[in-house]
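*Asks:* This is the structure I have questions about; it appears just below.
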Amino acid sequence: MRRSARSASAGQSGCGGWAECMRRGKKMGSVEVPSTELMQEYAGGGSDGVGVPRFGWRICLAHQFREQRKPFEASDVSLAHMIDHLGLGIRYLKWWYRKTRIEKRAPFIDSFNSIPLRQIYGAPLGGFGGGTITRGWRGEFCRWQLNPGMYSYDTVIENQFTVCLRKNGQTIYQQVLSVERPHKLQSWNWGYCGEYGFYHALYPRAWTVYKLPGQNVTLTCRQISPIIPHNYMDTSLPVGVFMWEIENQNEEDLEVALMFTLRNGIGTKDDQKGGHWNEPFHFSKEEEDISGVLLHHAAPVNNYTMAISARHKQGLVISQQTEFNPNGMGQEIWKDLLQDGKLDSPPGKGKQSDKGQVIAAAVAATCIVPAKKQNVVEFCLAWDMPKIYFGSREKEHARWYTRFFGTSGDAAPALSHYSLTHYKLWEQKIDDWQRPILENGQLPDWYKSALFNELYFISDGGTIWLQVTDDLNITNGLTIRKDGLPPLPKVMKEYGRFAYLEGQEYRMYNTYDVHFYASFALIMLWPKLEISLQYDIAAAVLKEDNTQRIHLMNGRLAKVNTSNVVPHDIGDPDDEPWERVNAYLIHDTADWKDLNLKFVLQVYRDYYLTDDVTFLKDMWSICQAVMDSELKFDTDGDGLIENSGYADQTYDGWAVTGPSAYCGGLWLASVCVMCKMAEILKEEEEYKKYKVILERGKEAFERILWNGKYYNYDSSKKCYANSVMSDQCAGQWLVRACGLGEGEYEVFPKAHILSALKTIFDLNVMSFASGTMGAVNGMRPNGTIDTSSVQSDEVWTGVVYGLAATMIQEGLVNEGFKTAEGTYRTVWEQLGMAFQTPEAYCKKNIYRSLAYMRPLSIWSMQLALDQIHEQLDLPDTRICK
């Protein structure tokens with residue numbers, strides 16, 4: 001029977017199948033449909049599958065991306081730049097050797113072991129701060145972040161869904177729903193033909209549609225994570241639901257079984273250390289029952305339990321296999337399912353695994369699907385790691401979701417039950433949130449995909465969300481000036497402590513110069529988390545760490561953290577975040593020009609979007625302190641700060657000297673909002689002080705940097721001083737986002753901003769890759785790329801989205817969408833970087849830093865659209881107030 005079922009399945013799933021999918025992307029001989037064409041073909045949706053939305057990112061399971069890029073490495077640095085940074089290279093090598101070989105720790109940036117590009121990722125599972133598990137678009141469970149901030153990129157091939165079809169008491173078809181053909185579990189029927197299936201993502205949901213060749217059956221798996229704006233309970237839950245719609249187009253009833261298999265562990269060597277064990281469970285509450293298997297993990301640190309389960313309903317049979325060997329042929333569990341569409345597990349708990357042994361478990365749900373009808377099967381994957389240590393193992397922390405489900409480590413059944421009985425409500429709230437944007441016919445289709453799918457990083461950015469204890473004092477009793485911060489702000493007590501990484505490869509929490517771009521997503525959708533994060537940054541401003549260390553760029557000793565200066569980050573997850581800030585040690589960021597300014601701008605923007613007067617009052621003295629600290633950079637007293645001749649801002653590989661468009665613009669914007677805050681708080685002397693500075697600074701900025709068409713990069717005599725920087729209007733971007741920029745609070749002449757933006761569009765966008773790849777950071781006035789630094793010739797995805805928002809704010813709506821579209825299509829369609837959007841890419845060959853924070857700035861485009869909705873006759877989709 002096993003052989004005949006395998007033969008029938010293999011014979012009917014040969015790659016001659018689903019013509020529509022083949023038309024849209026099958027590799028046919030030596031010809032392959034370009035990925036951009038494939039995505040455009042899919043953009044309008046299709047009739048296959050149940051409930052698949054029109055908008056989102058869609059791809060055929062057989063698709064192969066033609067372009068294979070490599071990560072930026074030392075060999076990609078030009079000889080001239082290599083000579084310029086020789087000292088940095090030597091110091092980094094010494095530091096890297098000590099960190100990895102002597103201390104046996106992971107570097108916060110590992111330039112020798114960049115993550116290779118794998119064009120496989122789909123929407124991650126899980127809420128914020130409880131860990132994430134990524135399921136690839138072909139169905140692989142392939143990226144794991146359970147220990148906070150630390151990733152495993154192993155594909156665990158045993159983690160699969162399998163379908164079994166039975167008719168008249170006989171199994172007629174049994175197939176692993178995977179296109180892979182692994183060397184293990186060879187008794188299983190692998191190699192589902194990808195031309196028969198497609199994947200569709202509209203985060204936080206994803207749909208995978210499988211046509212079963214020759215069976216007249218279509219399966220639609222809808223994957224749901226509880227990501228819901230303004231919801232601070234469900235959004236924290238470490239769970240994912242798989243809702244399977246089974247369509248039987250036959251004239252006869254079918255018995256259909258779906259089996260979910262899961263291995264203990266995440267594919268690393270720790271899986272074989274022994275001590276793991278599994279047990280079946282049944283959980284009943286409010287007349288709703290679920291059944292499944294608990295997979296208990298004896299990890300070296302941060303023990304956890306995973307649960308796979310299914311929801312009971314009339315006519316559905318749930319069965320399980322508590323333990324099987326995933327390293328063998330897999331014959332026993334395959335035959336068990338094949339025999340009657342159910343699993344037959346011995347009763348009771350499984351035994352603990354031995355050292356070197358790997359174990360796995362399975363849950364099957366079996367139902368009748370009547371002829372020409374549909375049926376539904378619901379699975380849940382949950383994981384419970386309630387208490388965690390960071391890498392230093394100094395302090396134990398409780399994750400935020402434990403506020404609702406406890407810290408005892410036995411919450412997996414309750415989490416599973418809650419998810420399976422509440423996911424429909426989640427989906428209703430997700431629909432209510434997304435519908436106004438998705439149904440807006442004036443917004444381009446690609447934008448709707450980009451806007452929601454880029455949100456993946458808030459959950460999958462190494463995110464940690466912790467409870468705080470009553471005795472926490474974020475300032476350790478330190479205060480400044482007349483107000484100071486409360487020892488434990490109410491928002492932190494009520495909503496916890498939140499952090500996310502700069503990037504999966506750049507492992508620093510809440511990197512503030514980058515958060516400046518990404519923070520729009522938080523303040524618009526989960527404002528309490530943004531406000532909580534801001535209190536943590538403010539507290540770090542008050543603190544000082546006099547520990548001396550060598551900074552790698554210049555080789556000089558300097559203290560780790562300077563008071564009255566905004567830190568670069570709040571720490572490394574492999575150390576002890578919040579306790580030891582500034583994991584970044586390339587530059588001494590106490591001398592950076594943008595960090596203080598970005599704090600002031602975000603404080604006012606966050607107040608503007610939340611009306612939180614308490615927050616504004618608490619932050620006022622901190623803003624005064626960091627602006628007083630910043631004033632020392634105005635060395636000639638003309639009201640405009642000067643850069644110091646090295647890369648002293650977020651473009652940390654692009655030197656800037658004297659007054660500059662980027663930092664000078666941010667400075668003037670910050671002075672502007674200081675005036676506005678002083679006005680609101682009735683601080684008349686401060687208002688007068690900053691009003692005088694603003695007027696002087698505006699005159700100096702225009703006189704020194706305006707060249708008649710745009711603002712020069714900087715005021716140096718270097719060859720690139722008059723380069724066109726795509727980010728030169730960052731100050732105006734934030735001024736407009738804060739509802740300012742006109743009348744008394746006009747900072748930059750509108751005509752100059754429009755001219756600069758049009759110049760950027762003409763040169764950095766349209767003269768770069770024919771306008772198809774976004775905006776390059778630096779462009780020479782003659783239309784050639786600025787190659788004066790290792791970053792001027794890059795496209796920064798998050799900067800592009802911010803630039804597009806600036807264009808929209810100023811009425812250049814078509815130009816804004818055209819600019820952003822190039823980046824989205826390059827990353828998601830051409831380069832295969834879905835759900836791992838990089839910090840940067842070049843015109844050819846190179847990308848840098850996969851899965852990065854900054855692209856969340858796309859939400860500033862939505863804010864800009866919300867602010868001008870009446871001018872464009874758009875529906876008001878504002879959700880901030």
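Chain labels follow the order of the structure tokens: the first chain is A, the next B, and so on; residue numbering restarts at 1 in every chain, and ligands are counted from 1 in their shown order.
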Compile the contact shell of segment 709-723 of chain A as a ChimeraX atom specification: residues with an atom at most 10 Å away, counting only C-alpha atoms, same-chain residues fewer than 3 positions apart removed.
*Replies:* /A:642-643,645,655-665,701-702,704-706,726-729,751-760,777-789,792
*Asks:* Can you list every residue of segment 375-493 of chain A that has an atom at most 10 Å from segment 518-522 of chain A, with its nearest atom pair and the distance in Å to one decimal, using only C-alpha atoms, ordered by chain then number, as JSON lines?
*Replies:*
```
{"residue": "A:Leu451", "atom": "CA", "partner": "A:Ala521", "partner_atom": "CA", "distance": 9.7}
{"residue": "A:Glu454", "atom": "CA", "partner": "A:Ala521", "partner_atom": "CA", "distance": 9.7}
{"residue": "A:Leu455", "atom": "CA", "partner": "A:Ala521", "partner_atom": "CA", "distance": 7.6}
{"residue": "A:Phe457", "atom": "CA", "partner": "A:Ala518", "partner_atom": "CA", "distance": 9.8}
{"residue": "A:Ile458", "atom": "CA", "partner": "A:Leu522", "partner_atom": "CA", "distance": 8.3}
```
*Asks:* Write out as a list in words which residues come within 6 Å of segment 259-267 of chain A when counting only C-alpha atoms, dropping same-chain ones fewer than 3 positions away.
*Replies:*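 Once the nearby chain positions are removed, what remains is Asp154, Val156, Asn159, Gln160, Phe161, Thr162, Asp271, Ile359, Ala360, Ala361, Ala362, Val363 and Ala364 of chain A.
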*Asks:* So, counting only C-alpha atoms, which residue among A:Ile109, A:Cys367, A:Cys380, A:Val239 is closest to Gly292 of chain A?
*Replies:*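 For Gly292 of chain A, the nearest of the given residues is A:Cys380.
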*Asks:* Run DSSP on the backbone and grab whatever in segment 309-362 of chain A lands in strand (DSSP E or B); send it over as a list in words.
*Replies:*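 Residues meeting the strand (DSSP E or B) criterion: Ser309, Ala310, Arg311, Val317, Ile318, Ser319, Gln320, Gln321, Thr322, Glu323, Phe324, Ala360, Ala361 and Ala362 of chain A.
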*Asks:* Take the residues from that selection and write them out as a JSON list (two decimals), in the first residue's frame, keeping N, CA, C and O atoms.
*Replies:*
```json
[["chain", "number", "residue", "atom", "x", "y", "z"],
["A", 309, "SER", "N", -0.38, 21.63, 18.31],
["A", 309, "SER", "CA", -1.72, 21.22, 18.72],
["A", 309, "SER", "C", -2.72, 21.48, 17.63],
["A", 309, "SER", "O", -2.44, 22.22, 16.67],
["A", 310, "ALA", "N", -3.89, 20.89, 17.78],
["A", 310, "ALA", "CA", -5.01, 21.11, 16.86],
["A", 310, "ALA", "C", -6.27, 21.31, 17.68],
["A", 310, "ALA", "O", -6.37, 20.86, 18.83],
["A", 311, "ARG", "N", -7.22, 21.98, 17.09],
["A", 311, "ARG", "CA", -8.47, 22.32, 17.79],
["A", 311, "ARG", "C", -9.55, 21.30, 17.46],
["A", 311, "ARG", "O", -9.78, 20.96, 16.30],
["A", 317, "VAL", "N", -10.89, 14.16, 14.08],
["A", 317, "VAL", "CA", -10.14, 13.26, 14.97],
["A", 317, "VAL", "C", -8.70, 13.76, 15.07],
["A", 317, "VAL", "O", -8.04, 13.96, 14.04],
["A", 318, "ILE", "N", -8.24, 13.97, 16.30],
["A", 318, "ILE", "CA", -6.86, 14.40, 16.53],
["A", 318, "ILE", "C", -6.08, 13.25, 17.11],
["A", 318, "ILE", "O", -6.51, 12.60, 18.08],
["A", 319, "SER", "N", -4.94, 12.97, 16.53],
["A", 319, "SER", "CA", -4.07, 11.91, 17.02],
["A", 319, "SER", "C", -2.65, 12.43, 17.04],
["A", 319, "SER", "O", -2.35, 13.47, 16.47],
["A", 320, "GLN", "N", -1.78, 11.72, 17.73],
["A", 320, "GLN", "CA", -0.41, 12.21, 17.84],
["A", 320, "GLN", "C", 0.59, 11.08, 17.91],
["A", 320, "GLN", "O", 0.25, 9.93, 18.22],
["A", 321, "GLN", "N", 1.82, 11.41, 17.63],
["A", 321, "GLN", "CA", 2.97, 10.54, 17.87],
["A", 321, "GLN", "C", 3.90, 11.33, 18.78],
["A", 321, "GLN", "O", 4.48, 12.34, 18.37],
["A", 322, "THR", "N", 4.02, 10.89, 20.02],
["A", 322, "THR", "CA", 4.77, 11.65, 21.02],
["A", 322, "THR", "C", 6.24, 11.73, 20.68],
["A", 322, "THR", "O", 6.90, 12.74, 20.96],
["A", 323, "GLU", "N", 6.76, 10.69, 20.05],
["A", 323, "GLU", "CA", 8.19, 10.69, 19.78],
["A", 323, "GLU", "C", 8.51, 9.81, 18.59],
["A", 323, "GLU", "O", 7.98, 8.70, 18.48],
["A", 324, "PHE", "N", 9.32, 10.30, 17.68],
["A", 324, "PHE", "CA", 9.87, 9.45, 16.62],
["A", 324, "PHE", "C", 11.27, 9.93, 16.28],
["A", 324, "PHE", "O", 11.68, 11.04, 16.65],
["A", 360, "ALA", "N", 11.62, 13.88, 17.68],
["A", 360, "ALA", "CA", 10.60, 14.75, 17.09],
["A", 360, "ALA", "C", 9.24, 14.22, 17.47],
["A", 360, "ALA", "O", 9.11, 13.10, 18.00],
["A", 361, "ALA", "N", 8.21, 15.02, 17.23],
["A", 361, "ALA", "CA", 6.84, 14.63, 17.54],
["A", 361, "ALA", "C", 5.93, 15.02, 16.38],
["A", 361, "ALA", "O", 6.33, 15.76, 15.48],
["A", 362, "ALA", "N", 4.69, 14.52, 16.42],
["A", 362, "ALA", "CA", 3.74, 14.81, 15.34],
["A", 362, "ALA", "C", 2.32, 14.86, 15.89],
["A", 362, "ALA", "O", 1.99, 14.16, 16.86]]
```
